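The file data-v8.pdb contains PDB, C-alpha atoms and all ligand atoms:
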```pdb
ATOM      1  CA  MET A   1       0.000   0.000   0.000
ATOM      2  CA  ILE A   2       1.210   3.507  -0.827
ATOM      3  CA  VAL A   3       0.044   6.583   1.070
ATOM      4  CA  VAL A   4      -0.013   9.684  -1.113
ATOM      5  CA  PRO A   5       0.107  12.936   0.869
ATOM      6  CA  GLY A   6      -1.817  15.994  -0.230
ATOM      7  CA  THR A   7      -0.369  19.339   0.830
ATOM      8  CA  ALA A   8      -3.204  19.963   3.319
ATOM      9  CA  SER A   9      -2.485  16.719   5.242
ATOM     10  CA  GLN A  10       1.258  16.082   5.045
ATOM     11  CA  VAL A  11       1.847  15.245   8.716
ATOM     12  CA  LEU A  12      -1.340  13.217   9.017
ATOM     13  CA  ALA A  13      -0.485  11.243   5.858
ATOM     14  CA  HIS A  14       2.930  10.447   7.349
ATOM     15  CA  GLY A  15       1.231   9.279  10.555
ATOM     16  CA  VAL A  16      -1.212   7.080   8.638
ATOM     17  CA  ALA A  17       1.665   5.541   6.619
ATOM     18  CA  GLU A  18       3.574   4.815   9.847
ATOM     19  CA  HIS A  19       0.557   3.143  11.439
ATOM     20  CA  LEU A  20       0.077   1.003   8.328
ATOM     21  CA  GLY A  21       3.768   0.316   7.747
ATOM     22  CA  ALA A  22       3.127   1.639   4.221
ATOM     23  CA  GLU A  23       5.319   3.638   1.873
ATOM     24  CA  LEU A  24       4.791   7.410   1.814
ATOM     25  CA  ALA A  25       4.824   8.575  -1.810
ATOM     26  CA  SER A  26       6.967  11.414  -2.993
ATOM     27  CA  VAL A  27       4.846  14.123  -4.610
ATOM     28  CA  THR A  28       5.834  17.394  -6.232
ATOM     29  CA  CYS A  29       3.145  19.999  -5.892
ATOM     30  CA  ARG A  30       3.756  23.593  -6.816
ATOM     31  CA  ARG A  31       2.052  26.545  -8.414
ATOM     32  CA  PHE A  32       2.693  28.237 -11.722
ATOM     33  CA  PRO A  33       3.056  32.036 -11.556
ATOM     34  CA  ASP A  34      -0.637  32.430 -12.397
ATOM     35  CA  GLY A  35      -1.621  30.141  -9.505
ATOM     36  CA  GLU A  36      -2.371  26.984 -11.505
ATOM     37  CA  LEU A  37      -1.396  23.657  -9.986
ATOM     38  CA  TYR A  38       1.555  21.507 -11.110
ATOM     39  CA  LEU A  39       1.412  18.035  -9.628
ATOM     40  CA  ARG A  40       3.536  14.933 -10.113
ATOM     41  CA  ILE A  41       3.589  11.679  -8.151
ATOM     42  CA  GLU A  42       7.203  10.523  -8.360
ATOM     43  CA  THR A  43       6.790   7.161  -6.648
ATOM     44  CA  ASP A  44       5.890   4.270  -8.963
ATOM     45  CA  PHE A  45       2.302   3.403  -8.069
ATOM     46  CA  SER A  46       1.263   1.228 -11.006
ATOM     47  CA  GLY A  47      -0.601  -1.858  -9.771
ATOM     48  CA  GLU A  48      -0.491  -0.645  -6.146
ATOM     49  CA  GLU A  49      -3.254   0.015  -3.637
ATOM     50  CA  CYS A  50      -3.043   3.761  -3.089
ATOM     51  CA  VAL A  51      -4.475   5.976  -0.363
ATOM     52  CA  VAL A  52      -4.620   9.723  -0.907
ATOM     53  CA  VAL A  53      -4.775  11.729   2.330
ATOM     54  CA  GLN A  54      -5.933  15.235   1.601
ATOM     55  CA  SER A  55      -8.178  17.343   3.800
ATOM     56  CA  THR A  56     -10.262  20.171   2.393
ATOM     57  CA  PRO A  57     -10.123  23.108   4.828
ATOM     58  CA  PRO A  58      -9.659  26.683   3.529
ATOM     59  CA  PRO A  59      -8.678  27.353   0.806
ATOM     60  CA  GLN A  60     -11.254  24.645   0.112
ATOM     61  CA  ASP A  61     -11.420  24.839  -3.645
ATOM     62  CA  ARG A  62      -7.633  24.683  -4.045
ATOM     63  CA  ASN A  63      -7.426  21.706  -1.717
ATOM     64  CA  ILE A  64     -10.318  20.012  -3.488
ATOM     65  CA  PHE A  65      -8.746  20.478  -6.914
ATOM     66  CA  GLU A  66      -5.490  19.041  -5.620
ATOM     67  CA  LEU A  67      -7.384  16.076  -4.134
ATOM     68  CA  LEU A  68      -9.218  15.376  -7.394
ATOM     69  CA  SER A  69      -6.000  15.738  -9.405
ATOM     70  CA  LEU A  70      -4.199  13.223  -7.157
ATOM     71  CA  LEU A  71      -7.078  10.748  -7.444
ATOM     72  CA  GLU A  72      -7.295  11.128 -11.229
ATOM     73  CA  THR A  73      -3.532  10.760 -11.681
ATOM     74  CA  LEU A  74      -3.502   7.520  -9.680
ATOM     75  CA  LYS A  75      -6.549   6.023 -11.353
ATOM     76  CA  GLU A  76      -5.485   6.913 -14.884
ATOM     77  CA  GLY A  77      -1.897   5.878 -14.131
ATOM     78  CA  GLY A  78      -2.854   2.289 -13.286
ATOM     79  CA  ALA A  79      -3.181   2.144  -9.483
ATOM     80  CA  ALA A  80      -4.913  -1.104  -8.516
ATOM     81  CA  GLU A  81      -7.221   0.642  -6.056
ATOM     82  CA  VAL A  82      -7.592   4.244  -4.980
ATOM     83  CA  THR A  83      -8.932   5.328  -1.593
ATOM     84  CA  ALA A  84      -9.599   8.983  -0.832
ATOM     85  CA  VAL A  85      -9.092   9.888   2.818
ATOM     86  CA  VAL A  86     -10.698  13.300   3.235
ATOM     87  CA  PRO A  87     -10.353  13.982   6.973
ATOM     88  CA  TYR A  88     -12.325  17.241   6.864
ATOM     89  CA  PHE A  89     -14.954  17.107   4.157
ATOM     90  CA  ALA A  90     -15.641  20.668   3.004
ATOM     91  CA  TYR A  91     -19.079  22.079   2.207
ATOM     92  CA  GLY A  92     -20.726  19.820   4.800
ATOM     93  CA  ARG A  93     -22.848  22.724   5.969
ATOM     94  CA  GLN A  94     -24.442  22.926   2.501
ATOM     95  CA  ASP A  95     -25.772  19.406   2.849
ATOM     96  CA  ARG A  96     -29.047  20.210   1.135
ATOM     97  CA  ARG A  97     -30.854  22.896  -0.855
ATOM     98  CA  PHE A  98     -32.118  25.439   1.651
ATOM     99  CA  MET A  99     -33.445  27.796  -1.068
ATOM    100  CA  GLU A 100     -34.522  27.152  -4.638
ATOM    101  CA  GLY A 101     -31.616  27.293  -7.081
ATOM    102  CA  GLU A 102     -28.846  26.704  -4.525
ATOM    103  CA  ALA A 103     -25.980  24.351  -5.333
ATOM    104  CA  VAL A 104     -25.745  21.373  -2.973
ATOM    105  CA  THR A 105     -21.988  21.737  -2.846
ATOM    106  CA  SER A 106     -21.352  18.794  -0.514
ATOM    107  CA  ARG A 107     -23.017  16.582  -3.146
ATOM    108  CA  VAL A 108     -20.918  18.142  -5.923
ATOM    109  CA  LEU A 109     -17.784  17.221  -3.972
ATOM    110  CA  ALA A 110     -18.969  13.695  -3.062
ATOM    111  CA  ARG A 111     -19.831  12.939  -6.676
ATOM    112  CA  HIS A 112     -16.509  14.239  -7.991
ATOM    113  CA  VAL A 113     -14.567  12.164  -5.459
ATOM    114  CA  SER A 114     -16.614   9.147  -6.571
ATOM    115  CA  VAL A 115     -15.435   9.558 -10.171
ATOM    116  CA  HIS A 116     -11.801   8.625  -9.448
ATOM    117  CA  ALA A 117     -11.773   6.958  -6.034
ATOM    118  CA  ASP A 118     -12.953   3.421  -5.364
ATOM    119  CA  ARG A 119     -13.655   4.311  -1.778
ATOM    120  CA  CYS A 120     -13.742   7.338   0.522
ATOM    121  CA  VAL A 121     -12.969   7.581   4.235
ATOM    122  CA  THR A 122     -13.807  10.751   6.112
ATOM    123  CA  VAL A 123     -14.090  11.935   9.724
ATOM    124  CA  ASN A 124     -17.159  13.472  11.396
ATOM    125  CA  LEU A 125     -19.125  14.788   8.457
ATOM    126  CA  HIS A 126     -21.214  17.807   9.391
ATOM    127  CA  LYS A 127     -24.222  15.672   8.398
ATOM    128  CA  SER A 128     -23.937  11.921   8.012
ATOM    129  CA  SER A 129     -26.570  12.049   5.267
ATOM    130  CA  ILE A 130     -23.781  13.295   2.964
ATOM    131  CA  LEU A 131     -22.645   9.653   2.766
ATOM    132  CA  ASP A 132     -25.647   9.045   0.507
ATOM    133  CA  TYR A 133     -24.210  11.438  -2.084
ATOM    134  CA  PHE A 134     -21.239   9.170  -2.803
ATOM    135  CA  GLU A 135     -21.426   6.748  -5.686
ATOM    136  CA  VAL A 136     -18.682   4.575  -4.173
ATOM    137  CA  ASP A 137     -18.279   3.029  -0.730
ATOM    138  CA  ALA A 138     -17.923   5.837   1.847
ATOM    139  CA  THR A 139     -17.119   5.521   5.551
ATOM    140  CA  GLU A 140     -17.467   8.176   8.241
ATOM    141  CA  LEU A 141     -15.199   7.811  11.282
ATOM    142  CA  ASP A 142     -15.970   9.367  14.657
ATOM    143  CA  ALA A 143     -13.097  11.165  16.392
ATOM    144  CA  SER A 144     -15.098  12.295  19.436
ATOM    145  CA  PRO A 145     -13.919   9.410  21.682
ATOM    146  CA  LEU A 146     -10.338  10.501  20.928
ATOM    147  CA  LEU A 147     -11.209  14.002  22.152
ATOM    148  CA  GLY A 148     -12.616  12.446  25.331
ATOM    149  CA  GLU A 149      -9.431  10.440  25.886
ATOM    150  CA  HIS A 150      -7.320  13.554  25.370
ATOM    151  CA  LEU A 151      -9.371  15.545  27.880
ATOM    152  CA  ARG A 152      -9.751  12.778  30.491
ATOM    153  CA  PRO A 153      -6.557  13.384  32.533
ATOM    154  CA  GLY A 154      -7.509  16.985  33.303
ATOM    155  CA  VAL A 155     -11.274  16.744  33.667
ATOM    156  CA  SER A 156     -13.240  15.619  36.709
ATOM    157  CA  ARG A 157     -16.013  13.009  36.507
ATOM    158  CA  ARG A 158     -18.263  15.597  38.151
ATOM    159  CA  SER A 159     -18.051  17.815  35.055
ATOM    160  CA  VAL A 160     -20.696  17.943  32.329
ATOM    161  CA  VAL A 161     -20.151  17.746  28.542
ATOM    162  CA  ILE A 162     -22.281  20.169  26.556
ATOM    163  CA  ALA A 163     -22.841  20.653  22.837
ATOM    164  CA  PRO A 164     -23.606  24.197  21.623
ATOM    165  CA  ASP A 165     -26.507  22.871  19.526
ATOM    166  CA  ALA A 166     -28.729  19.829  19.096
ATOM    167  CA  GLY A 167     -26.757  18.675  16.032
ATOM    168  CA  ALA A 168     -23.665  18.020  18.145
ATOM    169  CA  ALA A 169     -25.548  16.491  21.108
ATOM    170  CA  TRP A 170     -24.557  12.958  20.087
ATOM    171  CA  MET A 171     -20.882  13.982  20.086
ATOM    172  CA  ALA A 172     -21.265  15.374  23.616
ATOM    173  CA  GLN A 173     -22.713  12.004  24.594
ATOM    174  CA  ARG A 174     -19.749  10.122  23.090
ATOM    175  CA  VAL A 175     -17.234  12.361  24.879
ATOM    176  CA  ALA A 176     -19.191  12.064  28.144
ATOM    177  CA  GLU A 177     -19.122   8.260  27.863
ATOM    178  CA  VAL A 178     -15.319   8.372  27.751
ATOM    179  CA  LEU A 179     -15.114  10.861  30.635
ATOM    180  CA  GLY A 180     -17.747   9.041  32.671
ATOM    181  CA  CYS A 181     -19.851  12.155  33.230
ATOM    182  CA  ARG A 182     -23.182  13.720  32.217
ATOM    183  CA  HIS A 183     -23.976  15.408  28.926
ATOM    184  CA  ASP A 184     -26.497  17.940  27.602
ATOM    185  CA  TYR A 185     -26.872  20.479  24.794
ATOM    186  CA  LEU A 186     -27.801  24.110  24.196
ATOM    187  CA  GLU A 187     -30.118  25.357  21.478
ATOM    188  CA  LYS A 188     -28.651  27.645  18.861
ATOM    189  CA  LYS A 189     -30.114  29.799  16.130
ATOM    190  CA  ARG A 190     -27.830  30.993  13.340
ATOM    191  CA  LEU A 191     -28.466  34.577  12.192
ATOM    192  CA  GLY A 192     -25.730  34.555   9.544
ATOM    193  CA  PRO A 193     -22.101  33.472   9.033
ATOM    194  CA  GLY A 194     -20.279  33.913  12.348
ATOM    195  CA  GLU A 195     -23.436  35.236  14.032
ATOM    196  CA  VAL A 196     -25.474  33.025  16.345
ATOM    197  CA  VAL A 197     -27.870  33.438  19.257
ATOM    198  CA  LEU A 198     -28.589  30.843  21.903
ATOM    199  CA  LYS A 199     -32.138  30.196  22.979
ATOM    200  CA  GLN A 200     -32.703  30.552  26.730
ATOM    201  CA  LYS A 201     -32.135  27.132  28.222
ATOM    202  CA  GLU A 202     -31.377  26.424  31.853
ATOM    203  CA  LEU A 203     -29.044  23.469  32.210
ATOM    204  CA  GLU A 204     -27.788  21.676  35.244
ATOM    205  CA  VAL A 205     -24.331  23.191  34.896
ATOM    206  CA  GLU A 206     -21.350  22.040  36.936
ATOM    207  CA  GLU A 207     -18.299  24.060  37.960
ATOM    208  CA  GLU A 208     -16.367  22.320  35.201
ATOM    209  CA  VAL A 209     -17.761  22.021  31.685
ATOM    210  CA  VAL A 210     -16.502  20.521  28.428
ATOM    211  CA  LEU A 211     -17.956  22.138  25.309
ATOM    212  CA  VAL A 212     -17.850  19.928  22.212
ATOM    213  CA  ASP A 213     -18.701  20.582  18.561
ATOM    214  CA  ASP A 214     -17.757  19.165  15.178
ATOM    215  CA  ILE A 215     -16.376  22.435  13.762
ATOM    216  CA  ILE A 216     -14.928  25.651  15.137
ATOM    217  CA  ASP A 217     -14.996  28.135  12.289
ATOM    218  CA  SER A 218     -15.310  31.779  13.408
ATOM    219  CA  GLY A 219     -15.626  30.608  17.009
ATOM    220  CA  GLY A 220     -18.952  32.457  17.326
ATOM    221  CA  SER A 221     -20.963  29.403  18.412
ATOM    222  CA  MET A 222     -18.463  28.432  21.099
ATOM    223  CA  VAL A 223     -18.075  32.001  22.408
ATOM    224  CA  GLU A 224     -21.859  32.326  22.821
ATOM    225  CA  ALA A 225     -22.080  28.901  24.466
ATOM    226  CA  LEU A 226     -19.196  29.706  26.774
ATOM    227  CA  ARG A 227     -20.850  32.972  27.875
ATOM    228  CA  ALA A 228     -24.183  31.244  28.496
ATOM    229  CA  LEU A 229     -22.535  28.522  30.575
ATOM    230  CA  ARG A 230     -20.467  30.945  32.603
ATOM    231  CA  SER A 231     -23.594  32.949  33.379
ATOM    232  CA  GLN A 232     -25.125  29.694  34.660
ATOM    233  CA  GLY A 233     -22.233  29.000  37.013
ATOM    234  CA  ALA A 234     -19.532  27.236  34.963
ATOM    235  CA  GLU A 235     -16.073  28.236  36.199
ATOM    236  CA  ARG A 236     -13.780  26.128  34.065
ATOM    237  CA  VAL A 237     -14.748  25.522  30.433
ATOM    238  CA  HIS A 238     -12.670  23.220  28.213
ATOM    239  CA  ILE A 239     -13.381  23.470  24.490
ATOM    240  CA  ALA A 240     -12.921  20.631  22.019
ATOM    241  CA  CYS A 241     -13.820  20.098  18.401
ATOM    242  CA  VAL A 242     -12.912  17.670  15.628
ATOM    243  CA  HIS A 243     -12.249  20.192  12.844
ATOM    244  CA  ALA A 244     -10.538  23.361  14.046
ATOM    245  CA  LEU A 245     -10.895  25.538  10.955
ATOM    246  CA  ALA A 246     -10.317  28.372  13.414
ATOM    247  CA  THR A 247     -10.578  31.159  10.872
ATOM    248  CA  GLY A 248      -9.221  34.604  11.750
ATOM    249  CA  SER A 249      -8.800  35.096  15.469
ATOM    250  CA  ALA A 250     -11.254  32.360  16.524
ATOM    251  CA  ILE A 251      -8.869  30.713  18.999
ATOM    252  CA  ALA A 252      -7.799  34.029  20.537
ATOM    253  CA  ARG A 253     -11.501  34.966  20.920
ATOM    254  CA  LEU A 254     -12.170  31.736  22.790
ATOM    255  CA  LEU A 255      -9.198  32.118  25.086
ATOM    256  CA  ALA A 256     -10.034  35.781  25.704
ATOM    257  CA  SER A 257     -13.569  34.697  26.585
ATOM    258  CA  GLY A 258     -12.162  32.566  29.393
ATOM    259  CA  ALA A 259     -11.778  29.081  27.890
ATOM    260  CA  GLU A 260      -9.360  26.913  29.892
ATOM    261  CA  ARG A 261      -8.023  25.394  26.672
ATOM    262  CA  VAL A 262      -9.036  24.621  23.109
ATOM    263  CA  ALA A 263      -8.301  21.231  21.572
ATOM    264  CA  GLY A 264      -8.898  19.923  18.068
ATOM    265  CA  THR A 265      -7.764  17.026  15.920
ATOM    266  CA  ASP A 266      -5.370  16.998  12.977
ATOM    267  CA  THR A 267      -8.130  16.534  10.402
ATOM    268  CA  VAL A 268      -7.292  20.202   9.885
ATOM    269  CA  PRO A 269      -3.769  21.355  10.738
ATOM    270  CA  SER A 270      -4.125  24.251  13.177
ATOM    271  CA  GLN A 271      -2.576  25.741  16.298
ATOM    272  CA  VAL A 272      -4.849  23.563  18.432
ATOM    273  CA  SER A 273      -4.596  20.270  16.507
ATOM    274  CA  VAL A 274      -3.345  18.234  19.448
ATOM    275  CA  VAL A 275      -5.239  14.968  18.860
ATOM    276  CA  SER A 276      -4.215  12.783  15.946
ATOM    277  CA  VAL A 277      -6.711  10.754  13.936
ATOM    278  CA  ALA A 278      -3.873   8.853  12.192
ATOM    279  CA  GLY A 279      -4.498   5.632  14.151
ATOM    280  CA  LEU A 280      -8.243   5.849  13.648
ATOM    281  CA  VAL A 281      -7.845   6.327   9.889
ATOM    282  CA  ALA A 282      -5.220   3.572   9.599
ATOM    283  CA  LYS A 283      -7.477   1.133  11.442
ATOM    284  CA  ALA A 284     -10.291   1.858   8.973
ATOM    285  CA  LEU A 285      -7.923   1.227   6.041
ATOM    286  CA  LYS A 286      -6.591  -2.118   7.284
TER     287      LYS A 286
HETATM  288  C1  LIG A 301     -22.751  24.239  12.732
HETATM  289  O1  LIG A 301     -23.862  23.789  12.972
HETATM  290  C2  LIG A 301     -21.498  23.575  13.179
HETATM  291  O2  LIG A 301     -21.744  22.408  13.881
HETATM  292  C3  LIG A 301     -20.644  24.496  14.009
HETATM  293  O3  LIG A 301     -21.330  24.780  15.209
HETATM  294  C4  LIG A 301     -20.357  25.770  13.286
HETATM  295  O4  LIG A 301     -19.935  25.513  11.989
HETATM  296  C5  LIG A 301     -19.309  26.570  14.008
HETATM  297  O5  LIG A 301     -19.124  27.760  13.321
HETATM  298  P1  LIG A 301     -18.643  29.050  14.073
HETATM  299  O6  LIG A 301     -17.393  28.693  14.810
HETATM  300  O7  LIG A 301     -18.400  30.049  12.973
HETATM  301  O8  LIG A 301     -19.758  29.484  14.980
END
```
Can you turn what I pasted into structure tokens?
Ligand code: R5P
Amino acid sequence: MIVVPGTASQVLAHGVAEHLGAELASVTCRRFPDGELYLRIETDFSGEECVVVQSTPPPQDRNIFELLSLLETLKEGGAAEVTAVVPYFAYGRQDRRFMEGEAVTSRVLARHVSVHADRCVTVNLHKSSILDYFEVDATELDASPLLGEHLRPGVSRRSVVIAPDAGAAWMAQRVAEVLGCRHDYLEKKRLGPGEVVLKQKELEVEEEVVLVDDIIDSGGSMVEALRALRSQGAERVHIACVHALATGSAIARLLASGAERVAGTDTVPSQVSVVSVAGLVAKALK
């Protein structure tokens, strides 16, 4: 098996290759002066089982084009089997048509991946229903237990795990199972990108709280949740997410708002990517 690293997931690809005892391919990827992509896989992959590891955080469309180019090059070049590992699957929040005429961009991406990959492995899709958009076998892995394991040494069993909205409530439950504590969720209404309000909801809040979500983008959802929990008596709030897109000053906003710490996984390389999904991904590929 050969693991082919995309530029958005170089360290993770190396980790996956190590876990599998597989070869890490050598890839040249650079840009022409006008910004177009030049890509060459130098390792001989003909007849091999190949795994491309390429996440699709910002700049999404660049990372997606690189992913599709890697997949196409392998398939057309005679790889025996091509698996796309897309740790963060972009456009998950456009999982359906909310208004007439809108592009369902998560479906566009799933279908394009299906053209050149025999299989896709991804981690915590924003909506699991996106799996139905693939025309090849697609697997969604759950990294929330890994977040729980990471947090466990510093978090008391008397704490409570809370999701900032109902959509992430199941993740809070998974993390709580690992920590051996209670879980609950807040109710959020999105007013626009980066702008959310929380509905009034009294929770049984403990002194120590773990806030868990799939994505931290602008940080707006977590900041609002953190404020609501502090006003209800939380003193120490740990923040964890799978995909730390952390655009702009999201992490600084969270820390300035009083978060004890912010932890994410390496599905997206960021300043808070302290939990690796390499073992989880490798296990799914074995
Ligand atoms: C949305 O429902 C997601 O689960 C996240 O809560 C959201 O994407 C986070 O975005 P932001 O950090 O900009 O509030």
Q.
Within 9 Å of (-11.8, 12.4, -6.5) (file coordinates; all atoms listed in the file), which protein or nucleic acid residues are there? I'd like them as a PyMOL selection string.
A. chain A and resi 64-65+67-72+84+109-117+120
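In terms of minimum interatomic distance to A:Gly47, A:Ile2 ranks closest within A:Ala13, A:Val86, A:Leu191, A:Ile2, counting all atoms listed in the file.
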Q) Taking all atoms listed in the file into account, which residues are within 6 Å of ligand LIG 301 (chain A), as a list of chain:residue names? A) A:Gly194, A:Asp213, A:Asp214, A:Ile215, A:Ile216, A:Asp217, A:Ser218, A:Gly219, A:Gly220, A:Ser221
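Take the candidates A:Val205, A:Leu186, A:Val16, A:Leu245 and check each one against A:Ala284 using only C-alpha atoms; the shortest distance goes to A:Val16.
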Q) Any idea what's packed within 12 Å of A:Leu254, counting only C-alpha atoms, ignoring anything in its chain fewer than 3 positions away? Could you give it as a PyMOL selection string? A) chain A and resi 211+216-227+237-240+246+248-251+257-263+272
Q: Would you kindly identify which residues have an atom no farther than 10 Å from (-15.6, 8.1, 16.5), using only C-alpha atoms and the file's own coordinates, and write them out as a PyMOL selection string?
A: chain A and resi 123-124+140-147+171+174-175+242+277+280
Contacts of A:Thr265 at 7 Å or less, counting all atoms listed in the file, minus same-chain residues fewer than 6 places along, as a PDB file with C-alpha atoms, in the frame of the given file?
```
ATOM      1  CA  VAL A 242     -12.912  17.670  15.628  1.00  0.00           C
ATOM      2  CA  HIS A 243     -12.249  20.192  12.844  1.00  0.00           C
ATOM      3  CA  SER A 273      -4.596  20.270  16.507  1.00  0.00           C
ATOM      4  CA  VAL A 274      -3.345  18.234  19.448  1.00  0.00           C
ATOM      5  CA  VAL A 275      -5.239  14.968  18.860  1.00  0.00           C
ATOM      6  CA  SER A 276      -4.215  12.783  15.946  1.00  0.00           C
ATOM      7  CA  VAL A 277      -6.711  10.754  13.936  1.00  0.00           C
TER       8      VAL A 277
END
```
**Q.** Answer key for the PyMOL selection byres (((chain A and resi 103-105) around 12) and not hetatm), residues as a PyMOL selection string
**A.** chain A and resi 60-61+64+89-102+106-112+130+133
(Q) Need the shell around A:Gly78: protein/DNA/RNA residues with any atom at most 10 Å away, counting all atoms listed in the file. Skip same-chain ones fewer than 3 positions apart. Format as a count of residues only? (A) 11
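Closest approach to A:Ile162 among A:Glu206, A:Asp184, A:Glu42, A:Glu135: A:Asp184, based on all atoms listed in the file.
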Q.
I'd like the neighbourhood of A:Ala138 as a VMD selection string, where a residue qualifies if any of its atoms comes within 9 Å (using all atoms listed in the file), though same-chain residues fewer than 6 positions away should be ignored.
A. chain A and resid 119 to 122 131 to 132
